[in-house]
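To start, the structure itself, in structure tokens.
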Amino acid sequence: MKVVHLTSAHTRYDIRIFQKQCRTLAANGYDVTLVVADGKGPETVDGVSIVDVGRLPGRLNRMLRTTRKVYSAAKALDADVYQFHDPELMPVGSKLKASGKKVLFDSHEDVPKQLLSKPYLNQTMRNLLSWGFGKYEEFACRKLDGILTATPVIRDKFAKLNSCVLDINNFPMLGELDAGVSWGAKSQEVCYVGGISSIRGIYEVVESLALTRSQGRLNLVGTFNENSLAEKTKESKGWSFVNECGQLGRPGVRDVLGRSMAGLVTFHPLPNHIDAQPNKMFEYMSAGIPVIASDFPMWRDIIHGSQCGICVDPLKPEAIAGAIDFLLGHPSEAEEMGRNGQLAVNQKYNWAIESEKLLSFYAQFK
């Protein structure tokens, strides 16, 4: 069975698309191709053939010219099943479906909610685009053969439109990020791993460092996606407590998690965040370190239910500082929270379980 995954926006080694889904399908006998648009050329990795349509600069180019290139590559591959991962590829999916192909949409985010938080749009444009895309999404997704979603909340939304919907949660691969570092060997450090933006709360995190009594340091892994935010954050008093690590590969991330005593995921309370299940939360848990997370109802249920961290108001640096101080100042309690989180991942929040769901979902299209 020939399967083609399509993305115009994600990197070729994206954790959800390549590392988890494509590799799982290839390891279980599927002929898998991933179409990307990063300009790094073709290659085959772990049984997955990667086709590159080339990288074009700018968001408008990506949404218009790149999507046409992705469609041409997809059509030429003549697959049995296509799975697309970006909302701008919805027209591509619709055209492939109209040509008689089986087509799946993998909804990583609730896009109408996400549009309400885009910093480069004014409020009127946000509302208009959110409403318009929501209507288009409803129309297009009713005709697709199936929809995969990154969270149960998004699954429930699409279940009203399509009878073939399943949540494939973006949970960690067991053992991947466990560095095996004993608690006594850790540093007086916490970490943040992922995209760095204002709505993900990085400014408040850095501000909090200047308020801590423990004088702990922040391992900051990732790159700023807003120049003005980078300038503002680096002018904060807390910046002197930051170890700026930049973008790291998975081994580098594992090393940072290994020496850190907690991981931060303090996103702002925006519509697309409140019902999200951020990958980094579960990766911190899988690495055996406690989580400092935004106090959203769903996140609170996970953190408190697993007794693996502390929930705070993400808009209050003093609250974040208090959580950092507690965990750095109470290593025994922090270690226990880390063990609890790791146990929860081993038992419930892991890719081994989700991969079986993915394979069962695909089996119906054979």
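Residue numbers start at 1 in each chain; chains themselves are named A, B, ... in the order of the structure tokens; ligands are numbered from 1 in the order shown.
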request  = Compile the contact shell of Phe133 (chain A) as a ChimeraX atom specification: residues with an atom at most 10 Å away, counting only C-alpha atoms, same-chain residues fewer than 4 positions apart removed.
outcome  = /A:87,111-112,115,128-129,137-139
- Item | alpha helix (DSSP H) positions in region 195-332 of chain A, given as a VMD selection string | chain A and resid 202 to 209 227 to 234 250 to 259 271 to 274 279 to 286 297 to 306 317 to 329 331 to 332
What would the file look like if the residues just selected were written as a CSV table (one decimal), in the first residue's frame with C-alpha atoms?
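Below is the file that was written, again_34.csv:
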```
chain,number,residue,atom,x,y,z
A,202,ILE,CA,9.0,33.4,27.1
A,203,TYR,CA,9.2,37.1,28.3
A,204,GLU,CA,7.4,36.3,31.5
A,205,VAL,CA,9.7,33.3,32.1
A,206,VAL,CA,12.8,35.4,31.7
A,207,GLU,CA,11.4,38.1,33.9
A,208,SER,CA,10.7,35.5,36.5
A,209,LEU,CA,14.4,34.6,36.7
A,227,ASN,CA,13.1,40.0,16.3
A,228,SER,CA,11.4,42.6,18.5
A,229,LEU,CA,10.6,39.9,21.2
A,230,ALA,CA,14.3,38.8,21.1
A,231,GLU,CA,15.5,42.4,21.7
A,232,LYS,CA,12.9,43.0,24.5
A,233,THR,CA,13.7,39.7,26.2
A,234,LYS,CA,17.4,40.2,26.1
A,250,ARG,CA,17.3,15.4,19.7
A,251,PRO,CA,20.5,14.2,21.4
A,252,GLY,CA,21.2,17.8,22.5
A,253,VAL,CA,17.7,18.2,23.8
A,254,ARG,CA,18.1,15.0,25.8
A,255,ASP,CA,21.3,16.3,27.4
A,256,VAL,CA,19.6,19.6,28.4
A,257,LEU,CA,16.7,17.8,30.0
A,258,GLY,CA,19.2,15.5,31.7
A,259,ARG,CA,20.9,18.3,33.6
A,271,PRO,CA,-8.1,30.0,22.5
A,272,ASN,CA,-5.7,27.6,20.7
A,273,HIS,CA,-3.6,27.0,23.8
A,274,ILE,CA,-6.2,26.2,26.5
A,279,ASN,CA,4.4,18.0,23.1
A,280,LYS,CA,7.0,19.6,25.3
A,281,MET,CA,4.9,18.9,28.5
A,282,PHE,CA,5.0,15.2,27.9
A,283,GLU,CA,8.6,15.3,26.8
A,284,TYR,CA,9.6,16.8,30.1
A,285,MET,CA,7.6,14.1,31.8
A,286,SER,CA,9.2,11.4,29.8
A,297,PRO,CA,-8.2,23.1,33.2
A,298,MET,CA,-6.9,20.4,30.8
A,299,TRP,CA,-3.3,20.9,31.7
A,300,ARG,CA,-4.1,21.0,35.4
A,301,ASP,CA,-5.9,17.7,35.1
A,302,ILE,CA,-2.8,16.1,33.5
A,303,ILE,CA,-0.3,17.7,35.9
A,304,HIS,CA,-2.2,17.3,39.1
A,305,GLY,CA,-3.6,13.9,38.1
A,306,SER,CA,-0.1,12.6,37.6
A,317,PRO,CA,6.4,36.3,36.6
A,318,GLU,CA,6.3,36.1,40.4
A,319,ALA,CA,4.2,33.0,40.2
A,320,ILE,CA,6.6,31.3,37.8
A,321,ALA,CA,9.5,32.4,40.1
A,322,GLY,CA,7.8,30.8,43.1
A,323,ALA,CA,7.5,27.5,41.2
A,324,ILE,CA,11.1,27.5,40.1
A,325,ASP,CA,12.2,28.3,43.7
A,326,PHE,CA,10.2,25.5,45.1
A,327,LEU,CA,11.5,22.9,42.8
A,328,LEU,CA,15.1,24.0,43.0
A,329,GLY,CA,14.9,24.3,46.8
A,331,PRO,CA,15.0,18.4,45.3
A,332,SER,CA,13.4,15.4,46.9
```
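As for CA of Asp110 (chain A) and CA of Asp86 (chain A), they are spaced 11.3 Å apart.
The shortest atom-to-atom distance to Asn243 (chain A), with only C-alpha atoms taken into account, belongs to A:Gly216 out of A:Gly180, A:Gly263, A:Gly216, A:Gly41.
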Next on the checklist: Applying 9 Å and only C-alpha atoms, which residues near Pro91 (chain A) remain after dropping the ones on its own chain fewer than 5 positions away? List them as a ChimeraX atom specification.
Outcome noted: /A:67,96,140
Could you dump the residues just selected with C-alpha atoms as a short mmCIF file (atom, residue, chain, number, x, y, z; two decimals), in the first residue's frame?
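Once everything was written out, this is result-v1.cif:
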```cif
data_model
loop_
_atom_site.label_atom_id
_atom_site.label_comp_id
_atom_site.auth_asym_id
_atom_site.auth_seq_id
_atom_site.Cartn_x
_atom_site.Cartn_y
_atom_site.Cartn_z
CA THR A 67 1.24 24.30 -2.53
CA LEU A 96 -6.65 14.64 -4.90
CA ALA A 140 -13.79 20.39 2.68
#
```
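Residues in contact with Arg200 (chain A) at 10 Å, where only C-alpha atoms are counted and same-chain residues fewer than 6 positions away are skipped, are listed as Gly194, Val265, Thr266, Phe267, His268, Pro269, Leu270, His273 and Pro314 of chain A.
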Shell around region 98-109 of chain A at 10 Å using only C-alpha atoms, local window under 3 positions removed, as a PyMOL selection string: chain A and resi 3-6+16-17+75+78-87+89-90+92-95+112-114+141+143-151+154-155+158+164-170+272-273+275-277+362+365
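Considering only C-alpha atoms, the residue among A:Val153, A:Leu220, A:Ala37, A:Met173 positioned nearest to Ala9 (chain A) is A:Ala37.
The neighbours of Arg55 (chain A) here are the residues that come within 12 Å of it, using only C-alpha atoms and leaving out any residue fewer than 6 positions away in the same chain; they are A:Thr7, A:Ser8, A:Ala9, A:His10, A:Thr11, A:Arg12, A:Val35, A:Val36, A:Ala37, A:Asp38, A:Gly39, A:Lys40, A:Gly41, A:Asn61, A:Arg62, A:Met63, A:Arg65, A:Thr66, A:Thr67, A:Lys69, A:Val70.
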Among region 52-172 of chain A, which residues does DSSP mark as strand (DSSP E) when it is run on the backbone? Keep the chain and numbering as in the structure and answer as a ChimeraX atom specification. /A:52,81-84,102-107,146-149,165-167
Contacts of Ile353 (chain A) within 12 Å, only C-alpha atoms, excl. fewer than 2 positions in-chain, as a compact mmCIF listing (two decimals) with N, CA and C atoms, in the first residue's frame:
```txt
# COMPACT_ATOMS: atom_id res chain seq x y z
N LYS A 20 7.49 9.95 14.01
CA LYS A 20 6.47 9.06 14.57
C LYS A 20 5.63 8.39 13.47
N THR A 24 6.73 4.85 11.62
CA THR A 24 5.88 3.76 12.10
C THR A 24 5.26 3.01 10.92
N ASP A 167 -8.16 10.64 17.17
CA ASP A 167 -7.07 11.42 17.74
C ASP A 167 -5.81 10.55 17.83
N ILE A 168 -4.73 11.04 17.27
CA ILE A 168 -3.40 10.44 17.41
C ILE A 168 -2.57 11.46 18.19
N ASN A 169 -2.51 11.25 19.48
CA ASN A 169 -1.87 12.23 20.36
C ASN A 169 -0.36 12.26 20.15
N ASN A 170 0.20 13.43 20.30
CA ASN A 170 1.63 13.63 19.99
C ASN A 170 2.49 13.31 21.21
N PHE A 171 2.33 12.09 21.73
CA PHE A 171 3.02 11.70 22.94
C PHE A 171 4.44 11.22 22.63
N PRO A 172 5.33 11.23 23.62
CA PRO A 172 6.75 10.91 23.39
C PRO A 172 7.00 9.45 23.04
N MET A 173 8.14 9.24 22.39
CA MET A 173 8.64 7.89 22.16
C MET A 173 9.38 7.44 23.41
N LEU A 174 9.04 6.29 23.92
CA LEU A 174 9.58 5.83 25.19
C LEU A 174 11.10 5.76 25.17
N VAL A 345 3.89 8.67 31.68
CA VAL A 345 4.23 8.51 30.26
C VAL A 345 4.38 7.03 29.92
N ASN A 346 5.07 6.30 30.77
CA ASN A 346 5.28 4.87 30.50
C ASN A 346 3.97 4.09 30.46
N GLN A 347 3.01 4.53 31.25
CA GLN A 347 1.75 3.80 31.33
C GLN A 347 0.69 4.30 30.36
N LYS A 348 0.72 5.59 30.02
CA LYS A 348 -0.42 6.18 29.31
C LYS A 348 -0.04 7.11 28.17
N TYR A 349 0.85 8.05 28.41
CA TYR A 349 1.12 9.12 27.46
C TYR A 349 2.34 8.80 26.61
N ASN A 350 2.27 7.78 25.74
CA ASN A 350 3.44 7.41 24.96
C ASN A 350 3.07 7.04 23.53
N TRP A 351 4.07 7.12 22.64
CA TRP A 351 3.84 6.86 21.22
C TRP A 351 3.56 5.39 20.94
N SER A 355 0.86 4.66 18.28
CA SER A 355 1.24 4.05 17.01
C SER A 355 0.31 2.90 16.66
N GLU A 356 -0.16 2.15 17.67
CA GLU A 356 -1.11 1.07 17.41
C GLU A 356 -2.43 1.63 16.90
N LYS A 357 -2.83 2.78 17.42
CA LYS A 357 -4.04 3.44 16.94
C LYS A 357 -3.87 3.87 15.48
N LEU A 358 -2.68 4.40 15.16
CA LEU A 358 -2.41 4.83 13.79
C LEU A 358 -2.49 3.65 12.83
N LEU A 359 -1.88 2.53 13.19
CA LEU A 359 -1.87 1.36 12.32
C LEU A 359 -3.28 0.80 12.13
N SER A 360 -4.08 0.80 13.18
CA SER A 360 -5.47 0.33 13.07
C SER A 360 -6.28 1.24 12.16
```
Here CA of Ala26 (chain A) and CA of Asp46 (chain A) stand apart by 7.6 Å
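The nearest approach to Ala287 (chain A) among the residues A:Gln307, A:Gln364, A:Gln215, A:Ser182, with only C-alpha atoms taken into account, belongs to A:Ser182.
CA of Ala159 (chain A) lies 28.9 Å from CA of Gly29 (chain A).
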